[in-house]
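Below you'll find the structure, written out as structure tokens, and then a few comments.
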Amino acid sequence: MLKTIIKREILEYLKSAKFLIGLGVTLALAVGGTVINVQDYRARLRDYQAASQELKSDRFYIRLYRPPEVLSTLIQGRDRKLGNSLTLTYLSIPSGTSGYMGEGRSQHNRLVSGFAAVDFAFIVRVVLSLMVVFIAYNAVSEEKSSGTLKLILSNRVPRDQLLLGKFLGGWFVIMGSLLVSGIVSVILVLSHSFIAFGAGEWTRLGVFLGLSALYLTVFYAVSLFVSVLVNRPSASLMLLLQAWVFLIVIYPNLGVVAAENFYTLPSQEQLAQQKAAAFQPYAAEQKKIQEDFGRAVRSGSGVSRELGVRNVELRSLQADLAYQVDAEYGRKLTAQADLARVISSLSPAVLFDHAAERYGRTGMAGYERFMREVYRYWQQHAERSKLIYADREAYKKAPPIEFRVPVESTDEALAATWLDWLLLAFLSLTFFALGTTVFLKKDVR
Amino acid sequence: MFKTIVKKEILETIFSYRFPLFAVICLLLIPLGMYVNQANYAKRVRDYGEQVRLADKAASALSIQDIMAGTVAIKGFRPPAPLSVFTQGFESALPRYYEFTQEGFRPGESASDDESILSVQGKVDFVFLVQMVISLIALLFASDMISGEKESGTLRAMLANRLPRDTLLAGKTGGGFVALWIPFFLAFLMGAFVLMSSAFSLGGGATARVLIILAATSLFMLTYFTIGIAVSTSAAKARTSLVAILIIWAGFQLIIPKLADMTARIVHPIRTETEVSLQKSLLVSALDMEAAKELGRQYDFIFEGAPEGTADDEKSPERKKWEGLRDDIQLRARERKAQQLAVIDETYAQERRRQLSLAVNLSLISPSAAFARFISDVCGTGELERAKYLEAVRAHQKALDNDLFSKVKRTLMIHGGGRMSMGFSAMPVDPAKLPKFSITGATIAETFKANARSLLSLAFWLIAPFAYAYVRFIRYDVR
């Protein structure tokens, strides 16, 4: 019986105009979006290679670059918006990145909006979830209003089997749509010679598709529940569309507003004051060192070893202390964003985005990891810069310090997102259970 | 008869399940959105004030040594647009300031890059709510106005009396729209009250613009309502019209604007900003190097064999000859650099204009995109504002080049054997007399002129569906 119901549901959906139109639109956007994202990735890769070639470091100005992520062709996240380059000296550590030529320079660019792109993640988050609502809003209510529900149940069809059959039938159709659009997108990405996926990328892609399936299941469960609850199809559709807008856009924003009001962040002037106050105990000594340094340069007698080394130490310390103030500010911004996410954790879209960016390595986690390595690199560079005065020959011969961009493994990404999976599964099961409970007692006459 | 039908439609809508739902959504979301955006605006105004004050302080302490060292970057800040409480538009994407240096201007960080997490999830502003929520509700309200009455049998009962079809259609449209508009208008008034009670100033030209926003939004709602009526007259069943309006809504809101942008990027791909900046940077380095070598050559030629100290003797004929030649070489180098950079900028600007023009023209198929463009320009957060900002930046750079940067000359020379030397000359500068950066916003007339295509699209979508509905309904089978 269950198989018959599932088969019937699948055939009905496949023949319906709304499914065919929805799938057509999904594929059109998937193709167009992927083509553009691949072009965009190629341009960013070219920029990265050109910058690495043309804008090299010298001993004083160190330029560090963050290469574009290959999975940003499917999950753009913030990869495009967060800068790819920074320049440091022993005198300063930037707290943020910029474009290769300094464009879009920002002091604290942790929280950059990035929802404009039509990437595959957008298609899942917005287009497919909307398609799920359109497909499922009248799964039960249409049958009730047309009278076929009571005819089916007048036979020996258990209600729970009927509902489960409807659920699975529609679910297979939605998963099929997800799979088709996913395969098309991946084929388009891999058809370019400059893109290759390793084992890590394939694993993360697989995990991302699993996440997408769970995300869509939540919306399907919600749609089925509302369809069971409300007798009129038009009423269930109106309710579902408002719920969709609320869950995808409004609720996440409310979380952001609440978090912003909870945390008060210091202004730019307060940050500048904090930096000055942190260095205050050393300010008098630095002033004296600067004067002695300037006198030594003007007199032509040369800067003594002790004076030179102490000058570098104090300047580096000043940069380090300023960086600590910026880093603390950044931690508060991150905490604010985390609070916003916690408040909005019942929004499937928020859970999906957080996990998707993690798997695509296009979110804040990868960026913060890069910045931590930048700081570690700077410490080594500052230490080495003392050799300018301590031992100039050794300084000239010292090999360049290696900078390796760290990457998060798939296991680490999964460990960081297990709660997102749990909450999405919880939402799916809850709404399915609610739908089943209501349906078991529903008056179908 | 018309008044009776209007009254009937208003009462029927008010007593249906949909009306209280819509009223709650409007009365909750619109004032809330205004409050949130107003708080965000107030924060940006405070930040703007502080940063202008700090920048003015830095500019007043400007010394000629800073300019000579090339460490001067004068900043020009863009004030936040007051009407961004209605629509964010490009407000968060535009640079908050530009830096002006001897090498030209460059953008600073944008508002979305810094400090506030309000930009994280997208912009829930008044225009977004109207586009995504109210437009959908307008379509839903109208979708079963004709087909629903046909299914229930009341349509033929009404038309069995001496009721002209056109009167019935006009009455239904008018009455249904009025019932929809009243809660929206109340919510708008509440939102305006929220703004005014937060000491938000609606003085000057802002009041006229707010009234334009109200009028345009009302017409936008009417547009979607008539589209819903047109769909309803095309369908025999309410269910069919429901599916049709969903497809239309998704198409207008999500698909057409995205597809327009995507098509434009595929048809007219452009280079990245980085590529262009790098090209300019390499060009500038090459031209500077060429000029430095030429200067070095001329310097060596003039002062070769001259007694020691001749180069420092302002009265020596060699020095006078050198200064004339130096100024001439530097002038020609500057002009050549400016001309070649202008060619690169103009080519890139043309590429972007072509792409943008195609994207805009395609997106105007959607009345929603046309509405958003128009309202953004009315609020000073649209494409027009971006153009005015850039115009002001270019004018200010030119003014600073005349009043400040031209007072300092740095002369880099590369002599035979690769030896380099740098000379400086500077004239006194009074920082208090430097021009202040300001942007002249677009007038209402300019806004309307620039949005002629958007207004045409909206007018089309307002009139054509109603005309279509009229023609269809005259022949509609009511049995």
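Letters for chains follow the order of the structure tokens (A, B, ...), residue numbers begin at 1 for each chain, and ligand numbers begin at 1 in the order shown.
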
**OP:** DSSP on the backbone, then: every residue of range 20-190 of chain A marked strand (DSSP E or B), written as a PyMOL selection string.
**Re:** chain A and resi 62-65+85-89+92+98

Grab the residues selected above and save them as a PDB file, in the first residue's frame with C-alpha atoms.
```pdb
ATOM      1  CA  ILE A  62      55.509  41.893   3.359  1.00  0.00           C
ATOM      2  CA  ARG A  63      52.538  41.089   1.141  1.00  0.00           C
ATOM      3  CA  LEU A  64      50.404  38.101   1.995  1.00  0.00           C
ATOM      4  CA  TYR A  65      47.637  36.763  -0.196  1.00  0.00           C
ATOM      5  CA  SER A  85      45.538  40.682   0.407  1.00  0.00           C
ATOM      6  CA  LEU A  86      47.284  42.522   3.179  1.00  0.00           C
ATOM      7  CA  THR A  87      50.600  44.281   3.597  1.00  0.00           C
ATOM      8  CA  LEU A  88      52.436  44.252   6.889  1.00  0.00           C
ATOM      9  CA  THR A  89      55.685  45.620   8.271  1.00  0.00           C
ATOM     10  CA  SER A  92      52.026  47.588  11.748  1.00  0.00           C
ATOM     11  CA  SER A  98      41.642  44.376   1.200  1.00  0.00           C
TER      12      SER A  98
END
```

Contact table range 327-389 of chain A vs range 403-420 of chain A, cut-off 6 Å, shortest pair per residue, only C-alpha atoms, as a tab-separated table:
```
residue	atom	partner	partner_atom	distance
A:Leu351	CA	A:Asp420	CA	5.2
A:Ala355	CA	A:Thr417	CA	5.6
A:Arg358	CA	A:Ala413	CA	5.9
```

Original post:
How many Å separate CA of Arg162 in chain B from CA of Phe473 in chain B?
Top reply: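 Answer for the CA of Arg162 in chain B to CA of Phe473 in chain B separation: 16.0 Å.
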
**OP:** For CA of Asp377 in chain B and CA of Ala399 in chain B, quote the distance in Å rounded to one decimal.
**Re:** 27.4 Å

**OP:** Provide the CA of Arg373 in chain B to CA of Val124 in chain A distance in Å, to one decimal place.
**Re:** 26.9 Å

Excluding same-chain residues fewer than 4 positions from range 206-217 of chain B, what lies within 9 Å of it counting only C-alpha atoms, as a compact mmCIF listing (two decimals) with N, CA, C and O atoms, in the first residue's frame?
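Final file, part.txt:
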```txt
# COMPACT_ATOMS: atom_id res chain seq x y z
N PRO B 82 19.32 60.41 4.65
CA PRO B 82 18.24 60.31 5.64
C PRO B 82 17.15 59.33 5.22
O PRO B 82 16.63 58.58 6.04
N LEU B 83 16.83 59.34 3.94
CA LEU B 83 15.72 58.48 3.50
C LEU B 83 16.14 57.03 3.28
O LEU B 83 15.36 56.23 2.79
N PHE B 86 13.96 54.17 4.43
CA PHE B 86 12.94 53.53 3.60
C PHE B 86 13.53 52.44 2.73
O PHE B 86 12.91 51.40 2.52
N VAL B 127 10.99 49.14 1.49
CA VAL B 127 10.82 48.74 0.09
C VAL B 127 10.90 47.22 -0.05
O VAL B 127 10.13 46.62 -0.81
N VAL B 130 7.59 45.82 0.98
CA VAL B 130 6.57 46.06 -0.05
C VAL B 130 6.78 45.10 -1.22
O VAL B 130 5.84 44.48 -1.71
N PHE B 185 -1.74 51.97 4.62
CA PHE B 185 -1.61 53.40 4.89
C PHE B 185 -1.47 53.65 6.39
O PHE B 185 -0.65 54.47 6.82
N PHE B 188 1.96 52.76 7.36
CA PHE B 188 2.89 53.80 6.88
C PHE B 188 2.87 54.99 7.83
O PHE B 188 3.93 55.53 8.19
N SER B 201 14.45 63.94 11.30
CA SER B 201 13.93 65.14 10.67
C SER B 201 13.37 64.84 9.29
O SER B 201 14.03 64.25 8.45
N LEU B 202 12.11 65.24 9.08
CA LEU B 202 11.53 65.08 7.75
C LEU B 202 11.35 66.43 7.09
O LEU B 202 10.45 66.65 6.30
N MET B 221 1.26 48.81 -5.41
CA MET B 221 0.31 47.82 -4.88
C MET B 221 -0.86 47.65 -5.83
O MET B 221 -1.33 46.53 -6.06
N LEU B 222 -1.32 48.78 -6.39
CA LEU B 222 -2.43 48.71 -7.34
C LEU B 222 -2.02 47.92 -8.59
O LEU B 222 -2.81 47.15 -9.13
N PHE B 371 10.26 49.51 -9.71
CA PHE B 371 9.84 50.21 -8.50
C PHE B 371 11.03 50.43 -7.56
O PHE B 371 11.25 51.53 -7.05
N PHE B 374 13.40 53.15 -8.85
CA PHE B 374 12.85 54.50 -8.73
C PHE B 374 12.89 54.98 -7.28
O PHE B 374 13.37 56.07 -6.98
N ILE B 375 12.43 54.12 -6.38
CA ILE B 375 12.38 54.52 -4.97
C ILE B 375 13.80 54.75 -4.41
O ILE B 375 14.03 55.66 -3.62
N VAL B 378 14.79 58.14 -5.43
CA VAL B 378 14.05 59.16 -4.67
C VAL B 378 14.65 59.30 -3.26
O VAL B 378 14.78 60.41 -2.73
N CYS B 379 15.08 58.18 -2.70
CA CYS B 379 15.63 58.19 -1.33
C CYS B 379 17.11 58.56 -1.29
O CYS B 379 17.69 58.66 -0.21
N ILE B 444 14.43 66.43 -7.41
CA ILE B 444 13.30 65.54 -7.72
C ILE B 444 13.12 65.46 -9.23
O ILE B 444 12.87 64.38 -9.79
```

Original post:
Quick one: residues within 8 Å of range 449-461 of chain B, only C-alpha atoms counted, chain neighbours fewer than 5 positions away excluded, as a list of chain:residue names?
Top reply: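 Here the qualifying residues turn out to be B:Phe220, B:Thr223, B:Ile227, B:Leu364, B:Ile365, B:Ser366, B:Pro367, B:Ala370, B:Phe371, B:Arg373, B:Phe374, B:Leu384.
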
Subject >> helix (DSSP H, G or I) residues, from DSSP on the backbone, in range 138-367 of chain A, as a ChimeraX atom specification >> reply: /A:141-146,148-153,159-190,199-229,233-262,268-299,305-343,348-360,364-367

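Closest approach to chain A among B:Gly416, B:Pro20, B:Pro79, B:Gly108: B:Gly108, based on only C-alpha atoms.
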
**OP:** Find the residues around range 254-270 of chain B up to 7 Å (only C-alpha atoms counted), leave out those fewer than 2 positions away in its own chain, and share them as a PyMOL selection string.
**Re:** (chain A and resi 32-33+36) or (chain B and resi 250-252+272+351-352+355+358-359+362-363+366+369)

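Remark: for Gln270 in chain A, the closest of the candidate residues B:Phe437, B:Gln51, B:Leu295, B:Ser357 is B:Gln51 (distances computed over only C-alpha atoms).
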
**OP:** Mind checking which residues fall within 7 Å of range 231-243 of chain A, counting only C-alpha atoms, ignoring those fewer than 5 positions away in the same chain, and posting them as a list in words?
**Re:** Val133, Tyr137, Asn138, Ser141, Glu142, Lys144, Ser145, Ser223 and Val226 of chain A

Can you spit out the residues from that selection as a PDB file, in the first residue's frame, using N, CA, C and O atoms?
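The resulting file, part_12.pdb, is shown below:
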```pdb
ATOM      1  N   VAL A 133       7.588  24.668  -1.138  1.00  0.00           N
ATOM      2  CA  VAL A 133       6.333  25.242  -0.627  1.00  0.00           C
ATOM      3  C   VAL A 133       5.244  25.175  -1.700  1.00  0.00           C
ATOM      4  O   VAL A 133       4.110  24.784  -1.429  1.00  0.00           O
ATOM      5  N   TYR A 137       2.082  22.753  -0.673  1.00  0.00           N
ATOM      6  CA  TYR A 137       1.102  23.521   0.125  1.00  0.00           C
ATOM      7  C   TYR A 137      -0.290  22.909   0.099  1.00  0.00           C
ATOM      8  O   TYR A 137      -1.085  23.070   1.016  1.00  0.00           O
ATOM      9  N   ASN A 138      -0.602  22.196  -1.024  1.00  0.00           N
ATOM     10  CA  ASN A 138      -1.951  21.636  -1.146  1.00  0.00           C
ATOM     11  C   ASN A 138      -1.933  20.111  -1.165  1.00  0.00           C
ATOM     12  O   ASN A 138      -2.849  19.479  -1.688  1.00  0.00           O
ATOM     13  N   SER A 141      -4.618  19.550   1.729  1.00  0.00           N
ATOM     14  CA  SER A 141      -5.774  20.470   1.714  1.00  0.00           C
ATOM     15  C   SER A 141      -6.540  20.413   0.395  1.00  0.00           C
ATOM     16  O   SER A 141      -7.775  20.535   0.375  1.00  0.00           O
ATOM     17  N   GLU A 142      -5.823  20.186  -0.710  1.00  0.00           N
ATOM     18  CA  GLU A 142      -6.487  20.091  -2.010  1.00  0.00           C
ATOM     19  C   GLU A 142      -7.367  18.857  -2.058  1.00  0.00           C
ATOM     20  O   GLU A 142      -8.509  18.903  -2.549  1.00  0.00           O
ATOM     21  N   LYS A 144      -8.658  17.372   0.461  1.00  0.00           N
ATOM     22  CA  LYS A 144      -9.784  17.577   1.399  1.00  0.00           C
ATOM     23  C   LYS A 144     -10.855  18.404   0.732  1.00  0.00           C
ATOM     24  O   LYS A 144     -12.037  18.057   0.760  1.00  0.00           O
ATOM     25  N   SER A 145     -10.446  19.505   0.080  1.00  0.00           N
ATOM     26  CA  SER A 145     -11.454  20.407  -0.493  1.00  0.00           C
ATOM     27  C   SER A 145     -12.107  19.783  -1.725  1.00  0.00           C
ATOM     28  O   SER A 145     -13.267  20.067  -2.030  1.00  0.00           O
ATOM     29  N   SER A 223       5.499  22.503   5.235  1.00  0.00           N
ATOM     30  CA  SER A 223       4.436  22.674   4.233  1.00  0.00           C
ATOM     31  C   SER A 223       3.368  21.601   4.397  1.00  0.00           C
ATOM     32  O   SER A 223       2.164  21.882   4.322  1.00  0.00           O
ATOM     33  N   VAL A 226       1.206  22.365   7.500  1.00  0.00           N
ATOM     34  CA  VAL A 226       0.230  23.441   7.286  1.00  0.00           C
ATOM     35  C   VAL A 226      -0.892  22.949   6.372  1.00  0.00           C
ATOM     36  O   VAL A 226      -2.064  23.289   6.568  1.00  0.00           O
TER      37      VAL A 226
END
```

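When only C-alpha atoms are used to measure the gap to chain A, the shortest distance among B:Gln38, B:Thr226, B:Thr274, B:Thr13 belongs to B:Thr274.
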